[in-house]
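Asker: Structure file target.pdb (PDB, C-alpha atoms) is given on the next line.
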```pdb
ATOM      1  CA  MET O  25     274.714 -67.113-125.387
ATOM      2  CA  PRO O  26     272.185 -67.035-122.517
ATOM      3  CA  VAL O  27     270.004 -69.386-124.593
ATOM      4  CA  ALA O  28     272.904 -71.861-124.964
ATOM      5  CA  THR O  29     273.729 -71.626-121.249
ATOM      6  CA  GLY O  30     270.068 -72.188-120.374
ATOM      7  CA  LEU O  31     269.996 -75.256-122.596
ATOM      8  CA  ASN O  32     273.178 -76.631-121.055
ATOM      9  CA  GLN O  33     271.869 -76.091-117.555
ATOM     10  CA  ARG O  34     268.577 -77.714-118.396
ATOM     11  CA  LYS O  35     270.415 -80.658-119.923
ATOM     12  CA  ARG O  36     272.592 -80.961-116.833
ATOM     13  CA  LYS O  37     269.531 -80.872-114.580
ATOM     14  CA  TRP O  38     267.900 -83.647-116.604
ATOM     15  CA  LEU O  39     271.064 -85.738-116.536
ATOM     16  CA  ALA O  40     271.333 -85.310-112.757
ATOM     17  CA  ALA O  41     267.677 -86.309-112.315
ATOM     18  CA  LEU O  42     268.248 -89.308-114.594
ATOM     19  CA  ALA O  43     271.305 -90.398-112.570
ATOM     20  CA  LEU O  44     269.318 -89.961-109.356
ATOM     21  CA  GLY O  45     266.416 -92.058-110.691
ATOM     22  CA  ALA O  46     268.701 -94.779-112.065
ATOM     23  CA  GLY O  47     270.543 -94.805-108.727
ATOM     24  CA  VAL O  48     267.308 -95.312-106.792
ATOM     25  CA  ILE O  49     266.243 -98.165-109.109
ATOM     26  CA  LEU O  50     269.639 -99.883-108.852
ATOM     27  CA  ILE O  51     269.760 -99.474-105.063
ATOM     28  CA  ALA O  52     266.243-100.906-104.696
ATOM     29  CA  PHE O  53     266.881-103.818-107.096
ATOM     30  CA  PHE O  54     270.320-104.892-105.908
ATOM     31  CA  GLY O  55     269.581-104.022-102.266
ATOM     32  CA  LEU O  56     266.624-106.404-102.339
ATOM     33  CA  ARG O  57     268.686-109.122-104.000
ATOM     34  CA  THR O  58     271.499-108.707-101.460
ATOM     35  CA  TRP O  59     268.987-108.878 -98.607
ATOM     36  CA  HIS O  60     267.482-112.067-100.103
ATOM     37  CA  GLN O  61     270.952-113.591-100.456
ATOM     38  CA  ILE O  62     271.796-112.875 -96.814
ATOM     39  CA  ASP O  63     268.411-114.226 -95.694
ATOM     40  CA  PHE O  64     268.900-117.372 -97.810
ATOM     41  CA  ALA O  65     272.416-117.930 -96.417
ATOM     42  CA  GLN O  66     271.036-117.642 -92.863
ATOM     43  CA  ARG O  67     268.247-120.148 -93.660
ATOM     44  CA  VAL O  68     270.816-122.574 -95.072
ATOM     45  CA  GLN O  69     272.908-122.151 -91.937
ATOM     46  CA  ARG O  70     269.871-122.838 -89.705
ATOM     47  CA  GLY O  71     269.171-125.984 -91.729
ATOM     48  CA  GLU O  72     265.797-124.742 -93.015
ATOM     49  CA  VAL O  73     266.938-125.055 -96.621
ATOM     50  CA  ARG O  74     269.075-127.772 -98.135
ATOM     51  CA  ILE O  75     271.179-126.774-101.108
ATOM     52  CA  GLU O  76     272.312-129.250-103.733
ATOM     53  CA  THR O  77     276.003-129.896-103.419
ATOM     54  CA  LEU O  78     276.238-131.675-106.747
ATOM     55  CA  LYS O  79     275.512-129.242-109.551
ATOM     56  CA  GLY O  80     274.523-129.937-113.140
ATOM     57  CA  TRP O  81     277.691-128.295-114.521
ATOM     58  CA  MET O  82     280.056-130.620-112.655
ATOM     59  CA  THR O  83     281.834-133.377-114.579
ATOM     60  CA  LEU O  84     282.257-136.834-113.066
ATOM     61  CA  HIS O  85     286.016-136.294-113.066
ATOM     62  CA  TYR O  86     285.584-133.085-111.051
ATOM     63  CA  ILE O  87     283.235-134.771-108.544
ATOM     64  CA  ALA O  88     285.720-137.625-108.182
ATOM     65  CA  GLN O  89     288.585-135.212-107.561
ATOM     66  CA  THR O  90     286.664-132.930-105.195
ATOM     67  CA  TYR O  91     285.039-135.628-103.069
ATOM     68  CA  LYS O  92     287.872-138.140-103.298
ATOM     69  CA  VAL O  93     285.733-140.908-104.790
ATOM     70  CA  PRO O  94     287.058-143.005-107.710
ATOM     71  CA  GLU O  95     285.443-141.958-110.987
ATOM     72  CA  ALA O  96     284.805-145.631-111.849
ATOM     73  CA  GLU O  97     282.576-145.953-108.770
ATOM     74  CA  LEU O  98     280.645-142.805-109.701
ATOM     75  CA  ARG O  99     280.082-144.156-113.200
ATOM     76  CA  SER O 100     279.024-147.492-111.796
ATOM     77  CA  ALA O 101     276.554-145.786-109.413
ATOM     78  CA  LEU O 102     274.980-144.015-112.375
ATOM     79  CA  GLY O 103     275.087-147.113-114.549
ATOM     80  CA  VAL O 104     277.020-145.421-117.344
ATOM     81  CA  PRO O 105     280.021-146.847-119.288
ATOM     82  CA  ALA O 106     283.250-147.111-117.309
ATOM     83  CA  SER O 107     285.102-144.817-119.690
ATOM     84  CA  GLY O 108     284.540-142.241-122.431
ATOM     85  CA  HIS O 109     282.828-138.845-122.653
ATOM     86  CA  GLU O 110     284.991-137.420-119.844
ATOM     87  CA  GLU O 111     283.962-133.899-120.868
ATOM     88  CA  ARG O 112     280.256-134.494-120.166
ATOM     89  CA  SER O 113     278.627-132.614-117.309
ATOM     90  CA  LEU O 114     276.310-134.288-114.824
ATOM     91  CA  ARG O 115     273.294-132.769-116.585
ATOM     92  CA  GLN O 116     274.514-134.075-119.942
ATOM     93  CA  TRP O 117     274.969-137.550-118.441
ATOM     94  CA  PHE O 118     271.444-137.490-117.033
ATOM     95  CA  ASP O 119     270.068-136.448-120.422
ATOM     96  CA  ALA O 120     272.156-138.906-122.440
ATOM     97  CA  ALA O 121     271.571-141.906-120.196
ATOM     98  CA  GLY O 122     267.936-141.083-119.441
ATOM     99  CA  ILE O 123     268.555-140.846-115.697
ATOM    100  CA  ASP O 124     266.143-138.916-113.481
ATOM    101  CA  PRO O 125     268.295-136.045-112.103
ATOM    102  CA  MET O 126     266.935-136.512-108.568
ATOM    103  CA  VAL O 127     267.637-140.265-108.602
ATOM    104  CA  GLY O 128     271.080-139.747-110.142
ATOM    105  CA  ARG O 129     272.070-137.121-107.576
ATOM    106  CA  GLN O 130     270.866-139.284-104.717
ATOM    107  CA  ALA O 131     272.882-142.262-105.984
ATOM    108  CA  LEU O 132     276.030-140.168-106.144
ATOM    109  CA  GLU O 133     275.433-138.506-102.764
ATOM    110  CA  LYS O 134     274.879-141.923-101.184
ATOM    111  CA  LEU O 135     278.184-143.106-102.595
ATOM    112  CA  ILE O 136     280.030-140.010-101.409
ATOM    113  CA  LEU O 137     278.519-140.321 -97.923
ATOM    114  CA  ALA O 138     279.425-143.997 -97.816
ATOM    115  CA  ARG O 139     282.992-142.934 -98.388
ATOM    116  CA  ARG O 140     282.606-140.853 -95.208
ATOM    117  CA  THR O 141     283.622-137.607 -96.887
ATOM    118  CA  PRO O 142     281.195-134.934 -95.710
ATOM    119  CA  LEU O 143     279.693-133.098 -98.668
ATOM    120  CA  GLY O 144     281.431-129.772 -99.137
ATOM    121  CA  ALA O 145     284.210-130.601 -96.697
ATOM    122  CA  ALA O 146     286.576-131.722 -99.413
ATOM    123  CA  THR O 147     286.516-128.300-100.985
ATOM    124  CA  LYS O 148     287.373-126.348 -97.860
TER     125      LYS O 148
ATOM    126  CA  MET P  21     272.469-120.326-112.796
ATOM    127  CA  SER P  22     271.597-120.246-116.498
ATOM    128  CA  GLY P  23     272.283-123.099-118.885
ATOM    129  CA  PHE P  24     274.901-121.043-120.680
ATOM    130  CA  THR P  25     276.734-120.256-117.437
ATOM    131  CA  ASP P  26     276.645-123.976-116.602
ATOM    132  CA  GLN P  27     278.182-124.738-119.993
ATOM    133  CA  LEU P  28     280.922-122.194-119.344
ATOM    134  CA  LEU P  29     281.694-123.778-115.972
ATOM    135  CA  THR P  30     281.830-127.264-117.498
ATOM    136  CA  GLY P  31     284.048-125.769-120.207
ATOM    137  CA  LEU P  32     286.324-124.298-117.555
ATOM    138  CA  LEU P  33     286.697-127.759-116.010
ATOM    139  CA  ASN P  34     287.433-129.341-119.402
ATOM    140  CA  TYR P  35     289.544-126.693-121.132
ATOM    141  CA  GLY P  36     290.968-124.736-118.181
ATOM    142  CA  ASN P  37     293.049-121.595-118.623
ATOM    143  CA  PRO P  38     292.540-120.959-122.380
ATOM    144  CA  LEU P  39     288.784-120.815-121.808
ATOM    145  CA  LEU P  40     289.242-118.574-118.763
ATOM    146  CA  GLY P  41     291.488-116.139-120.654
ATOM    147  CA  GLY P  42     289.214-116.177-123.711
ATOM    148  CA  THR P  43     286.097-115.491-121.653
ATOM    149  CA  LEU P  44     287.681-112.560-119.826
ATOM    150  CA  PHE P  45     289.000-111.186-123.123
ATOM    151  CA  LEU P  46     285.545-111.255-124.734
ATOM    152  CA  ALA P  47     283.895-109.847-121.606
ATOM    153  CA  ALA P  48     286.320-106.898-121.657
ATOM    154  CA  LEU P  49     285.243-106.292-125.258
ATOM    155  CA  GLY P  50     281.647-105.999-124.125
ATOM    156  CA  VAL P  51     280.335-109.502-124.820
ATOM    157  CA  PRO P  52     277.861-110.171-121.986
ATOM    158  CA  LEU P  53     279.655-113.041-120.238
ATOM    159  CA  PRO P  54     279.822-113.711-116.481
ATOM    160  CA  ALA P  55     283.481-112.704-116.133
ATOM    161  CA  THR P  56     283.596-112.125-112.372
ATOM    162  CA  MET P  57     281.803-115.413-111.712
ATOM    163  CA  MET P  58     284.247-117.286-113.973
ATOM    164  CA  LEU P  59     287.133-115.665-112.133
ATOM    165  CA  MET P  60     285.722-116.748-108.765
ATOM    166  CA  ALA P  61     285.113-120.271-110.089
ATOM    167  CA  ALA P  62     288.713-120.398-111.335
ATOM    168  CA  GLY P  63     289.873-119.254-107.883
ATOM    169  CA  ALA P  64     287.871-122.082-106.282
ATOM    170  CA  PHE P  65     289.207-124.606-108.812
ATOM    171  CA  THR P  66     292.790-123.635-107.993
ATOM    172  CA  ARG P  67     292.057-124.430-104.339
ATOM    173  CA  GLN P  68     290.569-127.797-105.340
ATOM    174  CA  GLY P  69     293.575-128.662-107.490
ATOM    175  CA  VAL P  70     291.662-128.576-110.787
ATOM    176  CA  LEU P  71     293.633-125.581-112.136
ATOM    177  CA  GLY P  72     297.162-124.421-111.396
ATOM    178  CA  ILE P  73     297.165-121.117-109.515
ATOM    179  CA  GLU P  74     299.945-119.403-111.503
ATOM    180  CA  GLY P  75     298.568-120.436-114.895
ATOM    181  CA  ALA P  76     295.021-119.388-114.027
ATOM    182  CA  ALA P  77     296.151-116.012-112.653
ATOM    183  CA  MET P  78     298.280-115.400-115.748
ATOM    184  CA  ALA P  79     295.463-116.379-118.149
ATOM    185  CA  ALA P  80     292.965-114.170-116.293
ATOM    186  CA  VAL P  81     295.235-111.106-116.207
ATOM    187  CA  LEU P  82     296.344-111.505-119.838
ATOM    188  CA  GLY P  83     292.804-112.075-121.107
ATOM    189  CA  ALA P  84     291.384-109.080-119.270
ATOM    190  CA  ILE P  85     294.253-106.719-120.144
ATOM    191  CA  SER P  86     294.263-107.619-123.827
ATOM    192  CA  GLY P  87     290.474-107.201-123.975
ATOM    193  CA  ASP P  88     290.765-103.772-122.392
ATOM    194  CA  GLY P  89     293.517-102.839-124.851
ATOM    195  CA  CYS P  90     291.366-103.859-127.815
ATOM    196  CA  SER P  91     288.295-101.984-126.554
ATOM    197  CA  TYR P  92     290.465 -98.845-126.169
ATOM    198  CA  LEU P  93     291.552 -99.225-129.799
ATOM    199  CA  ILE P  94     287.920 -99.672-130.867
ATOM    200  CA  GLY P  95     287.096 -96.414-129.085
ATOM    201  CA  ARG P  96     290.076 -94.662-130.632
ATOM    202  CA  TYR P  97     289.642 -95.749-134.232
ATOM    203  CA  GLY P  98     285.914 -96.392-134.145
ATOM    204  CA  ALA P  99     285.320 -92.789-133.089
ATOM    205  CA  THR P 100     286.721 -91.604-136.427
ATOM    206  CA  LEU P 101     283.645 -93.136-138.077
ATOM    207  CA  LEU P 102     281.366 -90.768-136.137
ATOM    208  CA  PRO P 103     280.201 -87.493-137.731
ATOM    209  CA  ALA P 104     282.801 -84.723-137.356
ATOM    210  CA  ARG P 105     280.483 -82.433-135.380
ATOM    211  CA  TRP P 106     280.148 -85.114-132.668
ATOM    212  CA  ARG P 107     283.915 -85.445-132.399
ATOM    213  CA  THR P 108     284.833 -81.789-132.320
ATOM    214  CA  GLY P 109     282.042 -80.109-130.361
ATOM    215  CA  THR P 110     282.480 -78.295-127.026
ATOM    216  CA  GLY P 111     280.933 -81.250-125.217
ATOM    217  CA  GLN P 112     283.584 -83.566-126.608
ATOM    218  CA  SER P 113     286.449 -81.260-125.637
ATOM    219  CA  ARG P 114     285.042 -80.947-122.094
ATOM    220  CA  VAL P 115     284.784 -84.745-121.808
ATOM    221  CA  SER P 116     288.345 -84.971-123.080
ATOM    222  CA  GLN P 117     289.535 -82.443-120.448
ATOM    223  CA  LEU P 118     287.712 -84.314-117.693
ATOM    224  CA  PHE P 119     289.162 -87.603-118.849
ATOM    225  CA  THR P 120     292.698 -86.193-118.945
ATOM    226  CA  ARG P 121     292.228 -85.182-115.307
ATOM    227  CA  TRP P 122     290.375 -88.199-113.897
ATOM    228  CA  GLY P 123     290.966 -90.883-116.534
ATOM    229  CA  GLY P 124     293.550 -92.872-114.581
ATOM    230  CA  TRP P 125     291.330 -93.225-111.524
ATOM    231  CA  SER P 126     288.256 -93.954-113.672
ATOM    232  CA  VAL P 127     290.062 -96.733-115.501
ATOM    233  CA  PHE P 128     291.570 -98.161-112.309
ATOM    234  CA  LEU P 129     288.348 -98.156-110.255
ATOM    235  CA  THR P 130     286.143 -99.546-113.024
ATOM    236  CA  ARG P 131     288.361-102.635-113.360
ATOM    237  CA  PHE P 132     287.292-104.124-110.022
ATOM    238  CA  LEU P 133     284.826-101.866-108.218
ATOM    239  CA  LEU P 134     282.412-100.355-110.754
ATOM    240  CA  THR P 135     282.811-103.090-113.347
ATOM    241  CA  PRO P 136     279.502-102.538-115.200
ATOM    242  CA  ILE P 137     280.838 -99.238-116.581
ATOM    243  CA  ALA P 138     284.290-100.543-117.509
ATOM    244  CA  LEU P 139     283.504-100.825-121.236
ATOM    245  CA  PRO P 140     282.120 -97.263-121.658
ATOM    246  CA  VAL P 141     285.214 -95.971-119.832
ATOM    247  CA  ASN P 142     287.493 -97.942-122.198
ATOM    248  CA  LEU P 143     285.697 -96.574-125.259
ATOM    249  CA  LEU P 144     285.785 -93.051-123.818
ATOM    250  CA  ALA P 145     289.510 -93.358-123.103
ATOM    251  CA  GLY P 146     290.117 -94.356-126.705
ATOM    252  CA  SER P 147     287.827 -91.771-128.278
ATOM    253  CA  THR P 148     289.319 -88.917-126.204
ATOM    254  CA  HIS P 149     292.858 -90.069-127.102
ATOM    255  CA  TYR P 150     293.791 -90.607-123.463
ATOM    256  CA  PRO P 151     297.522 -91.515-123.510
ATOM    257  CA  TRP P 152     297.940 -95.240-124.220
ATOM    258  CA  HIS P 153     300.730 -95.809-121.679
ATOM    259  CA  ARG P 154     298.770 -94.144-118.867
ATOM    260  CA  TYR P 155     295.644 -96.092-119.814
ATOM    261  CA  MET P 156     297.465 -99.424-119.902
ATOM    262  CA  GLY P 157     299.226 -98.643-116.623
ATOM    263  CA  ALA P 158     295.875 -98.095-114.899
ATOM    264  CA  VAL P 159     294.407-101.163-116.647
ATOM    265  CA  MET P 160     297.244-103.407-115.472
ATOM    266  CA  LEU P 161     296.990-102.221-111.870
ATOM    267  CA  GLY P 162     293.197-102.507-111.917
ATOM    268  CA  GLU P 163     293.044-105.944-113.533
ATOM    269  CA  VAL P 164     295.691-107.379-111.213
ATOM    270  CA  THR P 165     293.630-106.019-108.278
ATOM    271  CA  TRP P 166     290.466-107.558-109.775
ATOM    272  CA  VAL P 167     292.087-110.953-110.274
ATOM    273  CA  LEU P 168     293.608-110.937-106.789
ATOM    274  CA  LEU P 169     290.374-109.756-105.174
ATOM    275  CA  PHE P 170     287.780-111.968-106.872
ATOM    276  CA  GLY P 171     290.044-114.891-107.705
ATOM    277  CA  GLY P 172     291.215-114.698-104.096
ATOM    278  CA  LEU P 173     287.624-114.692-102.820
ATOM    279  CA  GLY P 174     286.875-117.791-104.906
ATOM    280  CA  HIS P 175     290.065-119.447-103.665
ATOM    281  CA  TYR P 176     289.371-118.616-100.021
ATOM    282  CA  PHE P 177     285.656-119.544-100.069
ATOM    283  CA  ALA P 178     286.182-122.513-102.400
ATOM    284  CA  GLY P 179     283.239-124.461-100.967
ATOM    285  CA  GLN P 180     280.757-121.576-101.228
ATOM    286  CA  TRP P 181     282.110-119.626-104.199
ATOM    287  CA  GLU P 182     278.753-119.635-106.028
ATOM    288  CA  ALA P 183     276.890-117.979-103.150
ATOM    289  CA  ILE P 184     279.723-115.502-102.576
ATOM    290  CA  GLY P 185     279.874-114.742-106.315
ATOM    291  CA  GLN P 186     276.150-114.000-106.472
ATOM    292  CA  MET P 187     276.379-111.715-103.459
ATOM    293  CA  THR P 188     279.441-109.915-104.836
ATOM    294  CA  GLY P 189     277.639-109.189-108.099
ATOM    295  CA  ASP P 190     274.721-107.714-106.191
ATOM    296  CA  VAL P 191     277.012-105.582-104.030
ATOM    297  CA  VAL P 192     278.731-104.191-107.154
ATOM    298  CA  GLY P 193     275.294-103.271-108.582
ATOM    299  CA  LEU P 194     274.335-101.682-105.283
ATOM    300  CA  LEU P 195     277.558 -99.686-105.238
ATOM    301  CA  LEU P 196     276.930 -98.422-108.772
ATOM    302  CA  GLY P 197     273.452 -97.316-107.666
ATOM    303  CA  VAL P 198     274.890 -95.439-104.692
ATOM    304  CA  VAL P 199     277.457 -93.675-106.919
ATOM    305  CA  LEU P 200     274.756 -92.601-109.414
ATOM    306  CA  PHE P 201     272.450 -91.488-106.592
ATOM    307  CA  VAL P 202     275.156 -89.387-104.883
ATOM    308  CA  LEU P 203     276.292 -87.875-108.204
ATOM    309  CA  GLY P 204     272.742 -86.947-109.220
ATOM    310  CA  LEU P 205     271.788 -85.621-105.796
ATOM    311  CA  SER P 206     274.943 -83.553-105.335
ATOM    312  CA  THR P 207     274.560 -82.007-108.815
ATOM    313  CA  LEU P 208     270.928 -81.066-108.095
ATOM    314  CA  VAL P 209     271.765 -79.671-104.619
ATOM    315  CA  ILE P 210     274.683 -77.592-105.939
ATOM    316  CA  ARG P 211     272.446 -76.284-108.720
ATOM    317  CA  SER P 212     269.636 -75.289-106.365
ATOM    318  CA  ARG P 213     272.104 -73.513-104.029
ATOM    319  CA  LYS P 214     273.503 -71.492-106.942
ATOM    320  CA  HIS P 215     270.025 -70.152-107.748
TER     321      HIS P 215
END
```
Show me, as structure tokens, the structure contained in the file I just sent.
Answerer:
Amino acid sequence: MPVATGLNQRKRKWLAALALGAGVILIAFFGLRTWHQIDFAQRVQRGEVRIETLKGWMTLHYIAQTYKVPEAELRSALGVPASGHEERSLRQWFDAAGIDPMVGRQALEKLILARRTPLGAATK
Amino acid sequence: MSGFTDQLLTGLLNYGNPLLGGTLFLAALGVPLPATMMLMAAGAFTRQGVLGIEGAAMAAVLGAISGDGCSYLIGRYGATLLPARWRTGTGQSRVSQLFTRWGGWSVFLTRFLLTPIALPVNLLAGSTHYPWHRYMGAVMLGEVTWVLLFGGLGHYFAGQWEAIGQMTGDVVGLLLGVVLFVLGLSTLVIRSRKH
């Protein structure tokens, strides 16, 4: 019996040390990431970093709805057909139509700004 | 964000609530999918008028609860495939006793606070034959809290949901680290005091 108890205690000690080690690793990893996130958010707020408002996953229909710009005008700005493929994301449109993502984004942002809807404001 | 996550978000825009419910169902079964991020995105989309708030909330709760129910059943019936000595040893009976005592809280808290260990808790609940009605009661309360909390965050911070989602994920990881650290340290301290 003392042998079994000794084994159990040793196992428990190892498990506790393992939990402690895993805890330290997780705290260090996620603590650093959280700190970076906060730092990044502050840099965005200070205007040091500009984040893209139009993301590759967005569909033209979603952009139209969010920024209150007619979808036909968005399609026209990108030079893609006036209808069809409503399910395509922005990235898929860029790939399919051979549009440079930077140029495509700029064309859409210009259109949205021309409509005097501040980027991001429509979603608040 | 990864290409797959982008595809899921585009899918959420195109297919709406069925995709949301399906993703949360699979995530509860252990498929590595960004469930919390999808929930926050859905919350933001309800604010932007892309999804209906009631439908999205219902799909999220139903998907998550049914996934949890299935993973419990996997634990319950899957455990019978394990060798008998693993199922009937003293270790197993002690785990079972502990789960009978703390199972409700474990299930409830791992739905929205310590989400990375939700699946092991579900499997443990099933394999220790934790009462189904008590398990599902805790699951329902926990999942409704999760949906309200993270869906609500997405809805409230609709314009910045991606940044908030990233930070929330990191905070959950940090919290799990703190729990493990405190558990390990307290066990070692208690042990050294006993000797």
Asker: Return as a ChimeraX atom specification the set of residues that the PyMOL selection byres ((chain O) within 7 of (chain P)) yields on the displayed structure.
Answerer: /O:37,40-41,43-44,46-48,50-51,54-55,57-58,61,81-83,90,111,113,144,147-148
Asker: Between atom CA of Ala88 of chain O and atom CA of Gly83 of chain P, what is the distance, to one decimal in Å?
Answerer: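 Pair atom CA of Ala88 of chain O / atom CA of Gly83 of chain P returns 29.5 Å.
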Asker: Report, in Å to a single decimal, how far apart atom CA of Pro136 of chain P and atom CA of Lys79 of chain O are.
Answerer: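 If I compute the distance from atom CA of Lys79 of chain O to atom CA of Pro136 of chain P, I get 27.6 Å.
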Asker: Measuring atom to atom with only C-alpha atoms, identify which of P:Gly72, P:Gly89, P:Val127, P:Ala55 is nearest to Gly41 of chain P.
Answerer: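 Among the listed residues, P:Ala55 lies closest to Gly41 of chain P.
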Asker: Assuming the chain letters and numbering stay as they are in my file, what does the PyMOL selection byres ((chain P and resi 58) around 10) actually select? List them as a ChimeraX atom specification.
Answerer: /P:25,28-29,32,39-41,43-44,53-57,59-64,80,170-171,174,182,185
Asker: Could you pull the residues within 8 Å of segment 132-139 of chain O, counting all atoms listed in the file, minus those fewer than 3 positions along the same chain, as a PDB file with C-alpha atoms, in the coordinates of the input?
Answerer:
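Final file, result33.pdb:
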```pdb
ATOM      1  CA  LEU O  78     276.238-131.675-106.747  1.00  0.00           C
ATOM      2  CA  TYR O  91     285.039-135.628-103.069  1.00  0.00           C
ATOM      3  CA  VAL O  93     285.733-140.908-104.790  1.00  0.00           C
ATOM      4  CA  LEU O  98     280.645-142.805-109.701  1.00  0.00           C
ATOM      5  CA  ALA O 101     276.554-145.786-109.413  1.00  0.00           C
ATOM      6  CA  LEU O 102     274.980-144.015-112.375  1.00  0.00           C
ATOM      7  CA  GLY O 128     271.080-139.747-110.142  1.00  0.00           C
ATOM      8  CA  ARG O 129     272.070-137.121-107.576  1.00  0.00           C
ATOM      9  CA  PRO O 142     281.195-134.934 -95.710  1.00  0.00           C
ATOM     10  CA  LEU O 143     279.693-133.098 -98.668  1.00  0.00           C
TER      11      LEU O 143
END
```
Asker: Name the residues captured by the PyMOL selection byres ((chain O and resi 109) around 12) when it is applied to the shown file; answer as a list in words.
Answerer: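 Here the PyMOL selection byres ((chain O and resi 109) around 12) matches Thr83, Leu84, His85, Arg99, Val104, Pro105, Ala106, Ser107, Gly108, Glu110, Glu111, Arg112, Ser113, Leu114, Gln116, Trp117, Ala120 and Ala121 of chain O; Asn34 of chain P.
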Asker: How many Å separate atom CA of Arg131 of chain P from atom CA of Thr66 of chain P?
Answerer: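 The value is 22.1 Å.
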Asker: Counting only C-alpha atoms, figure out which residue out of P:Val167, P:Leu161, P:Ala145, P:Ile94 gets nearest to Gly50 of chain P.
Answerer: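 Closest to Gly50 of chain P of all the choices is P:Ile94.
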